[in-house]
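Reading through the structure tokens given below for one structure.
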Amino acid sequence: MVLHRAARARLAPFGAAVLVAAVLVALGAPLLAPYDPLEQNLGLALARPGRAHLLGTDNIGRDVMSRVIWGTRVSLVAGFASVAVAAVAGSLLGVLAGYAGGRADGLVMRAMDAVLSFPPLVLALALGAVLGAGLGGVLIALGVVYTPTFARLMRGQVLAITAREYVDAARALGAPGWRIAWHHVLPNAAPPIVVQASLSVAFAILAEASLSFLGLGIQPPGASWGSMINAGRGYLQQAPWIVFGPGAALFVTVVGLNFVGDAIRDALDPRL
Amino acid sequence: MGRLVLHRLAATVPVLLLVTAGVFALLHLTPGDPIDAMMAESVDAEAKASLRKELGLDRPIHEQYAAWMRRLLRGDLGRSIRNGEPVIENVSRRIRPSLELALLAMAVSLLIAFPVGIVSAARRNTAVDRAGTSFALFGICMPNFLLALLLIFLFGVTLRWLPISGYTDPVEEPLNGLRSLLLPAVTLGLALAAVITRTLRSSMLEALGEDYVRTARAKGLSEWRVIRGHVLKNALIPVVTVLGLQLGTLIGGAVITEYVFALPGVGRLVVEAVFARDYPLVQGVILLIALGFILSNLLVDLLYGWIDPRIRYR
């Protein structure tokens with residue numbers, strides 16, 4: 001266990017470096033991208049990676065590297081925003097269920113069970129489809145998919161914390177319910193939510209890439225890693241770099257975020 | 001055991017009701033008019049009005065839901081707008097490739113995960129273990145569509161050993177059928193193998209530290225007999241739990257895998273229905289997938305009670 005933790009700790013700086021690099025690339029995309037990600041140059045279509053185009057060009061001559069750099073924004077926004085939506089919505093529902101108890105609890109938690117009755121990607125696909133293609137639809141769809149995990153976690157926390165003596169003491173002193181929830185329950189329930197959120201971001205980025213790959217999410221000609229990989233799969237024989245550039249970016253980001261998530265979990269929850 | 005089955009079945013009923021309500025609501029979440037979204041603008045108003053009537057969209061929403069539920073209880077999941085055939089027929093035509101893919105992927109994952117997980121745990125902190133855990137990390141972080149394209153690039157395009165898309169029925173042509181399913185099954189099975197490897201390794205390490213293992217070793221049993229007879233069976237329970245938890249990921253993975261390899265399965269049907277805006281078909285297939293998912297989870301729960309009798313008496 002100690003060795004395992006040490007090995008993980010060794011990997012955490014790598015994860016942190018990947019995360020910082022990804023955030024910097026996303027923020028600095030206009031400065032870092034060597035070309036306009038949408039600029040077509042049919043004369044240079046399917047150019048091999050070289051000095052002018054480090055990761056080559058795609059089938060209509062757009063610079064793959066510039067598109068990967070701009071795609072970083074989409075991936076990070078999708079990953080962090082959808083998890084933030086889920087964490088806020090799930091926490092509110094969990095507090096409501098745990099605090100109100102009775103019928104409200106039953107209804108909220110059965111609704112969460114119902115959401116969990118769908119395979120996540122299939123539900124996200126269906127929701128993305130009815131909400132319409134685009135980043136907004138994908139964010140809401142992924143937010144809905146991840147909400148039950150946070151609701152269950154928060155409800156459990158609320159039930160455990162409200163049974164503590166300091167909450168009894170606050171009640172005896174006449175503190176109103178909202179005050180107890182805000183000052184006692186939420187701060188104590190936060191660490192597991194933060195851990196779950198940090199572990200979920202990597203999966204949300206993968207899910208956004210999967211939906212973009214299937215054609216939901218950012219629409220052409222906009223650049224996202226998933227849609228670039230899908231567009232490149234027809235050229236696997238002549239120009240595999242169209243797939244490998246965004247593929248490598250996606251893989252490294254997800255691995256890095258996994259390490260960061262593990263490290264945050266180890267730091268905040270020593271029991272695991 | 002009977003009580004466990006009844007208890008789990010009873011708990012499923014309210015969830016099922018909410019699932020149907022959710023699937024019904026899908027159509028009504030569409031921004032704007034779902035009929036406009038489903039039919040091209042060129043289609044005349046009369047056809048739109050008739051579809052609106054057929055789907056019951058001209059009635060109040062609670063009546064629509066009641067009528068939809070009545071049809072559902074009779075086993076009528078509606079008709080596809082695209083080909084006019086009942087949803088059930090659309091699905092039953094597509095179910096075989098999906099089941100074959102799922103079974104083969106499961107076989108691939110177990111064939112990889114068990115040897116790797118067992119050796120990793122038995123040779124803890126050696127190079128073999130590090131290779132095993134690295135493999136698990138790779139499998140968990142690798143998006144399956146990317147893995148699919150890497151496999152296609154390597155075995156289909158470069159080495160030309162296996163077909164890169166399309167489906168041959170393995171019942172009719174066993175060899176070609178298996179060849180057509182091998183890359184998809186590896187794509188789908190690898191992520192599952194990674195999760196099982198990780199779980200099996202850690203649960204085996206836990207079991208290896210138990211007193212009964214020390215006793216077995218003290219009796220002079222060989223390490224392999226200790227693992228086979230004492231460790232493995234106790235280490236299996238978390239593996240079954242994880243298998244259950246991974247079912248959803250497996251189904252989602254199957255959607256992508258079938259899409260990439262052009263396999264005519266249920267997953268590909270979902271994608272086609274979504275992009276054709278064939279909402280009745282989307283609703284029907286999603287509902288069937290959710291039912292299948294709930295049922296599989298129920299089976300996993302019961303399997304759990306069967307493997308570990310302690311759970312039944314709680």
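As shown in the structure tokens, the chain order sets the letters A, B, ...; within each chain, residues go from 1, and ligands are also counted from 1 in the order they appear.
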
Alpha helix (DSSP H) residues, from DSSP on the backbone, in segment 121-212 of chain A, as a ChimeraX atom specification: /A:121-131,135-162,165-172,177-180,186-212

Would you write out, as a Markdown table, a table of all residues in chain B that have an atom no more than 6 Å from an atom of chain A, listing for each the closest atom pair and the distance in Å to one decimal, considering only C-alpha atoms and ordering rows by chain and rising residue number?
| residue | atom | partner | partner_atom | distance |
| --- | --- | --- | --- | --- |
| B:Val15 | CA | A:Ala114 | CA | 5.2 |
| B:Leu18 | CA | A:Ala114 | CA | 5.9 |
| B:Val19 | CA | A:Ala114 | CA | 5.2 |
| B:Thr30 | CA | A:Val130 | CA | 4.7 |
| B:Cys141 | CA | A:Val255 | CA | 5.8 |
| B:Gly248 | CA | A:Pro119 | CA | 4.2 |
| B:Gly252 | CA | A:Leu121 | CA | 5.0 |
| B:Val274 | CA | A:Ala129 | CA | 5.9 |
| B:Ala290 | CA | A:Phe118 | CA | 5.0 |
| B:Ile294 | CA | A:Ser117 | CA | 6.0 |

With all heavy atoms retained, could you export that selection as an mmCIF file, in the first residue's frame?
data_model
loop_
_atom_site.group_PDB
_atom_site.id
_atom_site.type_symbol
_atom_site.label_atom_id
_atom_site.label_comp_id
_atom_site.auth_asym_id
_atom_site.auth_seq_id
_atom_site.Cartn_x
_atom_site.Cartn_y
_atom_site.Cartn_z
ATOM 1 N N VAL B 15 -38.483 2.442 -10.455
ATOM 2 C CA VAL B 15 -37.420 2.913 -11.349
ATOM 3 C C VAL B 15 -37.857 2.737 -12.804
ATOM 4 O O VAL B 15 -37.680 3.626 -13.646
ATOM 5 C CB VAL B 15 -36.109 2.150 -11.070
ATOM 6 C CG1 VAL B 15 -35.045 2.517 -12.092
ATOM 7 C CG2 VAL B 15 -35.612 2.463 -9.669
ATOM 8 N N LEU B 18 -40.211 5.469 -13.834
ATOM 9 C CA LEU B 18 -39.500 6.721 -14.096
ATOM 10 C C LEU B 18 -38.698 6.643 -15.400
ATOM 11 O O LEU B 18 -38.580 7.629 -16.123
ATOM 12 C CB LEU B 18 -38.574 7.064 -12.928
ATOM 13 C CG LEU B 18 -39.294 7.606 -11.699
ATOM 14 C CD1 LEU B 18 -38.399 7.574 -10.478
ATOM 15 C CD2 LEU B 18 -39.748 9.039 -11.961
ATOM 16 N N VAL B 19 -38.166 5.441 -15.689
ATOM 17 C CA VAL B 19 -37.420 5.267 -16.939
ATOM 18 C C VAL B 19 -38.345 5.487 -18.133
ATOM 19 O O VAL B 19 -38.014 6.211 -19.083
ATOM 20 C CB VAL B 19 -36.770 3.868 -17.004
ATOM 21 C CG1 VAL B 19 -36.327 3.530 -18.414
ATOM 22 C CG2 VAL B 19 -35.570 3.802 -16.067
ATOM 23 N N THR B 30 -37.061 18.179 -27.374
ATOM 24 C CA THR B 30 -36.548 18.785 -28.606
ATOM 25 C C THR B 30 -36.897 20.263 -28.645
ATOM 26 O O THR B 30 -38.063 20.612 -28.494
ATOM 27 C CB THR B 30 -37.203 18.116 -29.829
ATOM 28 O OG1 THR B 30 -37.334 16.750 -29.555
ATOM 29 C CG2 THR B 30 -36.396 18.338 -31.071
ATOM 30 N N CYS B 141 -7.403 4.397 -19.943
ATOM 31 C CA CYS B 141 -7.325 5.761 -20.486
ATOM 32 C C CYS B 141 -7.510 5.817 -21.997
ATOM 33 O O CYS B 141 -7.662 6.893 -22.564
ATOM 34 C CB CYS B 141 -5.991 6.400 -20.122
ATOM 35 S SG CYS B 141 -5.809 6.625 -18.354
ATOM 36 N N GLY B 248 -22.665 -0.929 -18.308
ATOM 37 C CA GLY B 248 -23.059 0.290 -18.996
ATOM 38 C C GLY B 248 -21.974 0.771 -19.936
ATOM 39 O O GLY B 248 -22.236 1.149 -21.081
ATOM 40 N N GLY B 252 -22.137 1.173 -24.012
ATOM 41 C CA GLY B 252 -21.719 2.408 -24.666
ATOM 42 C C GLY B 252 -20.562 2.145 -25.626
ATOM 43 O O GLY B 252 -20.527 2.654 -26.745
ATOM 44 N N VAL B 274 -30.517 8.211 -34.275
ATOM 45 C CA VAL B 274 -30.267 9.562 -33.757
ATOM 46 C C VAL B 274 -30.024 10.523 -34.915
ATOM 47 O O VAL B 274 -30.598 11.613 -34.970
ATOM 48 C CB VAL B 274 -29.061 9.551 -32.791
ATOM 49 C CG1 VAL B 274 -28.476 10.946 -32.638
ATOM 50 C CG2 VAL B 274 -29.485 9.018 -31.430
ATOM 51 N N ALA B 290 -32.294 0.165 -22.009
ATOM 52 C CA ALA B 290 -32.393 0.396 -20.561
ATOM 53 C C ALA B 290 -32.966 -0.833 -19.865
ATOM 54 O O ALA B 290 -32.481 -1.246 -18.812
ATOM 55 C CB ALA B 290 -33.247 1.624 -20.280
ATOM 56 N N ILE B 294 -31.121 -2.900 -17.015
ATOM 57 C CA ILE B 294 -31.689 -3.132 -15.673
ATOM 58 C C ILE B 294 -31.709 -4.625 -15.372
ATOM 59 O O ILE B 294 -31.327 -5.069 -14.288
ATOM 60 C CB ILE B 294 -33.112 -2.541 -15.586
ATOM 61 C CG1 ILE B 294 -33.046 -1.010 -15.658
ATOM 62 C CG2 ILE B 294 -33.825 -2.985 -14.309
ATOM 63 C CD1 ILE B 294 -34.394 -0.334 -15.727
#

Using only C-alpha atoms, which residues sit within 6 Å of segment 151-166 of chain A once same-chain residues fewer than 3 positions away are excluded, as a PDB file with N, CA, C and O atoms, in the first residue's frame?
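And here is the file that came out, result_7.pdb:
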ATOM      1  N   GLY A  90     -26.089  17.749  -8.696  1.00  0.00           N
ATOM      2  CA  GLY A  90     -26.139  16.553  -7.872  1.00  0.00           C
ATOM      3  C   GLY A  90     -26.068  16.875  -6.388  1.00  0.00           C
ATOM      4  O   GLY A  90     -26.794  16.300  -5.577  1.00  0.00           O
ATOM      5  N   SER A  91     -25.199  17.849  -6.023  1.00  0.00           N
ATOM      6  CA  SER A  91     -25.072  18.202  -4.612  1.00  0.00           C
ATOM      7  C   SER A  91     -26.373  18.798  -4.092  1.00  0.00           C
ATOM      8  O   SER A  91     -26.831  18.464  -2.991  1.00  0.00           O
ATOM      9  N   LEU A  93     -29.415  18.299  -5.236  1.00  0.00           N
ATOM     10  CA  LEU A  93     -30.413  17.235  -5.128  1.00  0.00           C
ATOM     11  C   LEU A  93     -30.106  16.335  -3.935  1.00  0.00           C
ATOM     12  O   LEU A  93     -31.019  15.911  -3.214  1.00  0.00           O
ATOM     13  N   GLY A  94     -28.818  16.062  -3.717  1.00  0.00           N
ATOM     14  CA  GLY A  94     -28.426  15.203  -2.600  1.00  0.00           C
ATOM     15  C   GLY A  94     -28.746  15.852  -1.265  1.00  0.00           C
ATOM     16  O   GLY A  94     -29.247  15.193  -0.345  1.00  0.00           O
ATOM     17  N   VAL A  95     -28.486  17.168  -1.151  1.00  0.00           N
ATOM     18  CA  VAL A  95     -28.808  17.880   0.089  1.00  0.00           C
ATOM     19  C   VAL A  95     -30.320  17.848   0.316  1.00  0.00           C
ATOM     20  O   VAL A  95     -30.794  17.554   1.410  1.00  0.00           O
ATOM     21  N   GLY A  98     -31.337  14.228   1.295  1.00  0.00           N
ATOM     22  CA  GLY A  98     -30.852  13.837   2.614  1.00  0.00           C
ATOM     23  C   GLY A  98     -31.503  14.656   3.723  1.00  0.00           C
ATOM     24  O   GLY A  98     -31.761  14.153   4.811  1.00  0.00           O
ATOM     25  N   PRO A 148     -26.343  11.834 -11.011  1.00  0.00           N
ATOM     26  CA  PRO A 148     -26.724  10.878  -9.954  1.00  0.00           C
ATOM     27  C   PRO A 148     -25.567  10.488  -9.032  1.00  0.00           C
ATOM     28  O   PRO A 148     -25.766  10.314  -7.832  1.00  0.00           O
ATOM     29  N   ALA A 169     -26.038  19.887  18.491  1.00  0.00           N
ATOM     30  CA  ALA A 169     -25.743  21.059  19.314  1.00  0.00           C
ATOM     31  C   ALA A 169     -26.238  22.330  18.627  1.00  0.00           C
ATOM     32  O   ALA A 169     -26.858  23.196  19.246  1.00  0.00           O
ATOM     33  N   ALA A 189     -19.092  18.005   3.875  1.00  0.00           N
ATOM     34  CA  ALA A 189     -19.409  17.059   2.806  1.00  0.00           C
ATOM     35  C   ALA A 189     -18.576  17.327   1.563  1.00  0.00           C
ATOM     36  O   ALA A 189     -18.552  16.512   0.631  1.00  0.00           O
TER      37      ALA A 189
END

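Atom pair atom CA of Arg214 of chain B / atom CA of Val231 of chain B: separated by 10.9 Å.
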
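What separates atom CA of Trp182 of chain A from atom CA of Val194 of chain A is a distance of 16.7 Å.
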
Find the residues near Val260 of chain B: any atom within 8 Å, counting only C-alpha atoms, skip ones fewer than 3 places away on the same chain, and give them as a PyMOL selection string. chain B and resi 145+148+165+256-257+263

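If only C-alpha atoms are the atoms counted, then among B:Thr187, B:Ser109, B:Ser222, B:Asn83 the closest residue to Ile152 of chain B is B:Thr187.
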
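Close contacts of segment 48-62 of chain A, defined as residues with an atom at most 7 Å away when counting only C-alpha atoms, with chain neighbours fewer than 3 positions off set aside, comprise A:Pro37, A:Leu38, A:Glu39, A:Gln40, A:Asn41, A:Leu42, A:Gly43, A:Leu44, A:Ala45, A:Met65, A:Trp241, A:Ile242, A:Gly245.
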
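For Ser202 of chain B, the residues within 9 Å (counting only C-alpha atoms, excluding itself and residues fewer than 6 positions away along the chain) are Gly117, Ala121 and Ala235 of chain B.
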
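Look at Val25 of chain A: the protein and nucleic acid residues within 8 Å of it, using only C-alpha atoms and passing over chain neighbours fewer than 3 places away, are Ala21, Ala22, Gly28, Ala29, Leu32, Ile69, Thr72 and Arg73 of chain A.
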
With distances taken over only C-alpha atoms, which residue among A:Gly134, A:Gly222, A:Gly234, A:Pro187 lies nearest Gly71 of chain A? A:Gly222

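Residue nearest Tyr279 of chain B within the list B:Gly22, B:Pro34, B:Gly132, B:Gly84: B:Pro34 [criterion: smallest interatomic distance, only C-alpha atoms].
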
Restricting to only C-alpha atoms, whichever of B:Arg198, B:His7, B:Val226, B:Leu17 is closest to Ser120 of chain B is B:Arg198
